[in-house]
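Next up, final32.cif (mmCIF, C-alpha atoms and all ligand atoms):
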```cif
data_target
loop_
_atom_site.group_PDB
_atom_site.id
_atom_site.type_symbol
_atom_site.label_atom_id
_atom_site.label_comp_id
_atom_site.auth_asym_id
_atom_site.auth_seq_id
_atom_site.Cartn_x
_atom_site.Cartn_y
_atom_site.Cartn_z
ATOM 1 C CA MET A 17 45.197 -42.763 30.513
ATOM 2 C CA SER A 18 47.848 -40.428 31.747
ATOM 3 C CA ARG A 19 47.611 -37.958 34.522
ATOM 4 C CA PHE A 20 50.460 -36.001 33.121
ATOM 5 C CA GLN A 21 49.656 -33.490 30.508
ATOM 6 C CA SER A 22 52.799 -32.482 28.806
ATOM 7 C CA ARG A 23 50.950 -30.502 26.230
ATOM 8 C CA THR A 24 49.566 -28.075 28.759
ATOM 9 C CA GLY A 25 53.006 -26.825 29.521
ATOM 10 C CA GLU A 26 53.443 -28.809 32.671
ATOM 11 C CA ARG A 27 57.066 -29.406 33.223
ATOM 12 C CA LEU A 28 59.019 -31.845 35.223
ATOM 13 C CA ARG A 29 61.142 -30.475 37.934
ATOM 14 C CA TRP A 30 64.584 -31.900 38.096
ATOM 15 C CA ARG A 31 67.240 -32.233 40.639
ATOM 16 C CA VAL A 32 70.706 -33.422 39.990
ATOM 17 C CA ILE A 33 72.556 -35.535 42.435
ATOM 18 C CA VAL A 34 76.294 -35.508 42.381
ATOM 19 C CA GLN A 35 77.580 -38.845 43.414
ATOM 20 C CA THR A 36 80.617 -38.433 45.580
ATOM 21 C CA ALA A 37 80.706 -41.932 46.942
ATOM 22 C CA GLY A 38 84.355 -42.315 46.237
ATOM 23 C CA ARG A 39 83.709 -43.255 42.665
ATOM 24 C CA LEU A 40 85.132 -40.097 41.226
ATOM 25 C CA ASP A 41 87.615 -41.102 38.655
ATOM 26 C CA ALA A 42 89.129 -38.340 36.631
ATOM 27 C CA SER A 43 90.368 -40.738 34.028
ATOM 28 C CA ARG A 44 86.856 -41.817 33.169
ATOM 29 C CA ALA A 45 84.517 -39.733 31.174
ATOM 30 C CA SER A 46 81.456 -40.925 33.021
ATOM 31 C CA ARG A 47 79.870 -38.025 34.725
ATOM 32 C CA PRO A 48 79.143 -38.524 38.393
ATOM 33 C CA LEU A 49 75.781 -36.881 38.011
ATOM 34 C CA ALA A 50 72.435 -38.514 38.416
ATOM 35 C CA TRP A 51 69.282 -36.834 37.252
ATOM 36 C CA HIS A 52 66.198 -37.398 39.324
ATOM 37 C CA LEU A 53 62.907 -35.684 39.636
ATOM 38 C CA VAL A 54 62.355 -33.379 42.544
ATOM 39 C CA GLU A 55 59.613 -35.701 43.732
ATOM 40 C CA CYS A 56 61.835 -38.753 43.623
ATOM 41 C CA VAL A 57 61.373 -40.414 46.985
ATOM 42 C CA ALA A 58 64.553 -42.443 47.025
ATOM 43 C CA PRO A 59 67.167 -41.619 44.422
ATOM 44 C CA THR A 60 69.396 -44.441 45.532
ATOM 45 C CA ARG A 61 66.745 -47.129 45.510
ATOM 46 C CA LEU A 62 66.140 -49.118 42.392
ATOM 47 C CA ASP A 63 62.517 -49.797 43.213
ATOM 48 C CA ALA A 64 61.818 -46.099 43.330
ATOM 49 C CA HIS A 65 62.346 -45.949 39.610
ATOM 50 C CA CYS A 66 60.605 -47.356 36.602
ATOM 51 C CA PRO A 67 62.098 -50.335 34.772
ATOM 52 C CA GLU A 68 63.870 -48.009 32.399
ATOM 53 C CA GLY A 69 65.201 -45.992 35.285
ATOM 54 C CA GLN A 70 66.339 -49.126 37.059
ATOM 55 C CA ARG A 71 68.174 -50.247 33.990
ATOM 56 C CA MET A 72 69.858 -46.889 33.616
ATOM 57 C CA LEU A 73 70.678 -46.790 37.297
ATOM 58 C CA GLU A 74 72.358 -50.145 37.095
ATOM 59 C CA THR A 75 74.307 -49.358 33.992
ATOM 60 C CA GLY A 76 75.307 -45.775 34.467
ATOM 61 C CA GLY A 77 74.006 -44.699 37.839
ATOM 62 C CA ASP A 78 71.909 -42.045 36.183
ATOM 63 C CA PRO A 79 68.208 -42.807 35.820
ATOM 64 C CA ASP A 80 67.737 -39.675 33.754
ATOM 65 C CA GLY A 81 64.623 -38.700 35.617
ATOM 66 C CA HIS A 82 62.905 -42.058 35.425
ATOM 67 C CA CYS A 83 61.668 -41.852 38.988
ATOM 68 C CA LEU A 84 58.419 -43.359 40.132
ATOM 69 C CA ILE A 85 55.989 -40.814 41.510
ATOM 70 C CA ASP A 86 52.913 -42.554 42.876
ATOM 71 C CA ASP A 87 53.972 -45.664 40.966
ATOM 72 C CA VAL A 88 54.054 -43.680 37.766
ATOM 73 C CA CYS A 89 57.115 -42.590 35.921
ATOM 74 C CA PRO A 90 56.420 -39.097 34.625
ATOM 75 C CA ARG A 91 59.201 -39.425 32.127
ATOM 76 C CA CYS A 92 57.669 -42.478 30.538
ATOM 77 C CA ALA A 93 54.205 -40.991 30.915
ATOM 78 C CA MET A 94 55.209 -37.865 29.077
ATOM 79 C CA GLU A 95 56.777 -39.883 26.330
ATOM 80 C CA ALA A 96 53.609 -41.919 26.129
ATOM 81 C CA VAL A 97 51.567 -38.808 25.599
ATOM 82 C CA PRO A 98 51.250 -38.563 21.892
ATOM 83 C CA VAL A 99 52.740 -35.604 20.238
ATOM 84 C CA PRO A 100 50.061 -33.800 18.246
ATOM 85 C CA PRO A 101 49.434 -36.233 15.458
ATOM 86 C CA PRO A 102 50.406 -35.263 11.972
ATOM 87 C CA PRO A 103 47.442 -33.847 10.097
ATOM 88 C CA VAL A 104 48.072 -36.104 7.175
ATOM 89 C CA ALA A 105 46.030 -39.225 7.352
ATOM 90 C CA VAL A 106 48.324 -42.096 6.789
ATOM 91 C CA THR A 107 46.858 -44.406 4.245
ATOM 92 C CA PRO A 108 48.505 -47.742 3.872
ATOM 93 C CA PRO A 109 50.060 -48.249 0.495
ATOM 94 C CA THR A 110 47.830 -50.255 -1.728
ATOM 95 C CA VAL A 111 49.548 -53.460 -2.486
ATOM 96 C CA GLN A 112 49.093 -54.486 -6.030
ATOM 97 C CA ASP A 113 48.901 -58.184 -5.702
ATOM 98 C CA THR A 114 47.846 -58.894 -9.198
ATOM 99 C CA PRO A 115 49.273 -62.082 -10.570
ATOM 100 C CA VAL A 116 51.841 -61.772 -13.246
ATOM 101 C CA ASP A 117 50.601 -63.094 -16.519
ATOM 102 C CA SER A 118 53.848 -63.827 -18.239
ATOM 103 C CA LYS A 119 55.611 -66.520 -16.335
ATOM 104 C CA PRO A 120 59.252 -66.929 -17.079
ATOM 105 C CA GLY A 121 59.974 -70.126 -18.810
ATOM 106 C CA ALA A 122 56.345 -70.906 -19.477
HETATM 107 ZN ZN ZN B 201 60.575 -44.040 33.195
#
```

Mind turning this structure into structure tokens?
Ligand SMILES: [Zn+2]
Amino acid sequence: MSRFQSRTGERLRWRVIVQTAGRLDASRASRPLAWHLVECVAPTRLDAHCPEGQRMLETGGDPDGHCLIDDVCPRCAMEAVPVPPPPVAVTPPTVQDTPVDSKPGA
């Protein structure tokens, strides 16, 4: 399903872009940094990022690495890769649906 194998130690390479487009405001705590992947083709273009990245770009200007590489967002792909599943088999709790004999007011 995914071409990205986070479990094999493959890492994403990052680059940070400092936005100096006149939006530097010392009174605001928002950092003028945008995190993109090294392979990001167009850090300033919304359509070069996955929906999550687009949302983050629009809200904070920082897609946090949600860049589309070959139409795939490695960030989302890595998060989609399941972490080694817990060894404990999850058994659904058995619901005791036995009818109550003593009805109140009966
Ligand atoms: Zn993404």

Give me the chain A side of the contact with ligand ZN 201 (chain B), cut-off 6 Å, one line per residue showing its nearest atom pair and distance in Å at one decimal, counting only C-alpha atoms and all ligand atoms, sorted by chain and residue number, as JSON lines.
```
{"residue": "A:Cys66", "atom": "CA", "partner": "B:ZN201", "partner_atom": "ZN", "distance": 4.8}
{"residue": "A:Glu68", "atom": "CA", "partner": "B:ZN201", "partner_atom": "ZN", "distance": 5.2}
{"residue": "A:Gly69", "atom": "CA", "partner": "B:ZN201", "partner_atom": "ZN", "distance": 5.4}
{"residue": "A:His82", "atom": "CA", "partner": "B:ZN201", "partner_atom": "ZN", "distance": 3.8}
{"residue": "A:Cys89", "atom": "CA", "partner": "B:ZN201", "partner_atom": "ZN", "distance": 4.6}
{"residue": "A:Arg91", "atom": "CA", "partner": "B:ZN201", "partner_atom": "ZN", "distance": 4.9}
{"residue": "A:Cys92", "atom": "CA", "partner": "B:ZN201", "partner_atom": "ZN", "distance": 4.2}
```

Task: Residue among A:Ile85, A:Pro102, A:Leu62, A:Val32 lying closest to Pro48 of chain A, counting only C-alpha atoms - done: A:Val32

Do you know which residues lie at most 12 Å from (61.8, -41.2, 42.4), with coordinates as in the file and all atoms listed in the file counted, and could you write them as an mmCIF file with C-alpha atoms, in the frame of the given file?
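Resulting contents of selection34.cif:
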```
data_model
loop_
_atom_site.group_PDB
_atom_site.id
_atom_site.type_symbol
_atom_site.label_atom_id
_atom_site.label_comp_id
_atom_site.auth_asym_id
_atom_site.auth_seq_id
_atom_site.Cartn_x
_atom_site.Cartn_y
_atom_site.Cartn_z
ATOM 1 C CA ARG A 29 61.142 -30.475 37.934
ATOM 2 C CA TRP A 30 64.584 -31.900 38.096
ATOM 3 C CA ARG A 31 67.240 -32.233 40.639
ATOM 4 C CA ALA A 50 72.435 -38.514 38.416
ATOM 5 C CA TRP A 51 69.282 -36.834 37.252
ATOM 6 C CA HIS A 52 66.198 -37.398 39.324
ATOM 7 C CA LEU A 53 62.907 -35.684 39.636
ATOM 8 C CA VAL A 54 62.355 -33.379 42.544
ATOM 9 C CA GLU A 55 59.613 -35.701 43.732
ATOM 10 C CA CYS A 56 61.835 -38.753 43.623
ATOM 11 C CA VAL A 57 61.373 -40.414 46.985
ATOM 12 C CA ALA A 58 64.553 -42.443 47.025
ATOM 13 C CA PRO A 59 67.167 -41.619 44.422
ATOM 14 C CA THR A 60 69.396 -44.441 45.532
ATOM 15 C CA ARG A 61 66.745 -47.129 45.510
ATOM 16 C CA LEU A 62 66.140 -49.118 42.392
ATOM 17 C CA ASP A 63 62.517 -49.797 43.213
ATOM 18 C CA ALA A 64 61.818 -46.099 43.330
ATOM 19 C CA HIS A 65 62.346 -45.949 39.610
ATOM 20 C CA CYS A 66 60.605 -47.356 36.602
ATOM 21 C CA PRO A 67 62.098 -50.335 34.772
ATOM 22 C CA GLY A 69 65.201 -45.992 35.285
ATOM 23 C CA GLN A 70 66.339 -49.126 37.059
ATOM 24 C CA LEU A 73 70.678 -46.790 37.297
ATOM 25 C CA ASP A 78 71.909 -42.045 36.183
ATOM 26 C CA PRO A 79 68.208 -42.807 35.820
ATOM 27 C CA ASP A 80 67.737 -39.675 33.754
ATOM 28 C CA GLY A 81 64.623 -38.700 35.617
ATOM 29 C CA HIS A 82 62.905 -42.058 35.425
ATOM 30 C CA CYS A 83 61.668 -41.852 38.988
ATOM 31 C CA LEU A 84 58.419 -43.359 40.132
ATOM 32 C CA ILE A 85 55.989 -40.814 41.510
ATOM 33 C CA ASP A 86 52.913 -42.554 42.876
ATOM 34 C CA ASP A 87 53.972 -45.664 40.966
ATOM 35 C CA VAL A 88 54.054 -43.680 37.766
ATOM 36 C CA CYS A 89 57.115 -42.590 35.921
ATOM 37 C CA PRO A 90 56.420 -39.097 34.625
ATOM 38 C CA ARG A 91 59.201 -39.425 32.127
#
```

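Relative to atom CA of Ile33 of chain A, atom CA of Met72 of chain A is found at 14.6 Å.
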
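Here atom CA of Glu95 of chain A stands at a distance of 21.3 Å from atom CA of Gly77 of chain A.
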
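Note that atom CA of Ala96 of chain A and atom CA of Leu49 of chain A are 25.7 Å apart.
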
Assuming 3 Å of padding per side, give the centre and edge lengths of the axis-aligned box around every listed atom of segment 58-62 of chain A, in Å to one decimal and as lines of an AutoDock Vina configuration file.
```
center_x = 67.0
center_y = -45.4
center_z = 44.7
size_x = 10.8
size_y = 13.5
size_z = 10.6
```
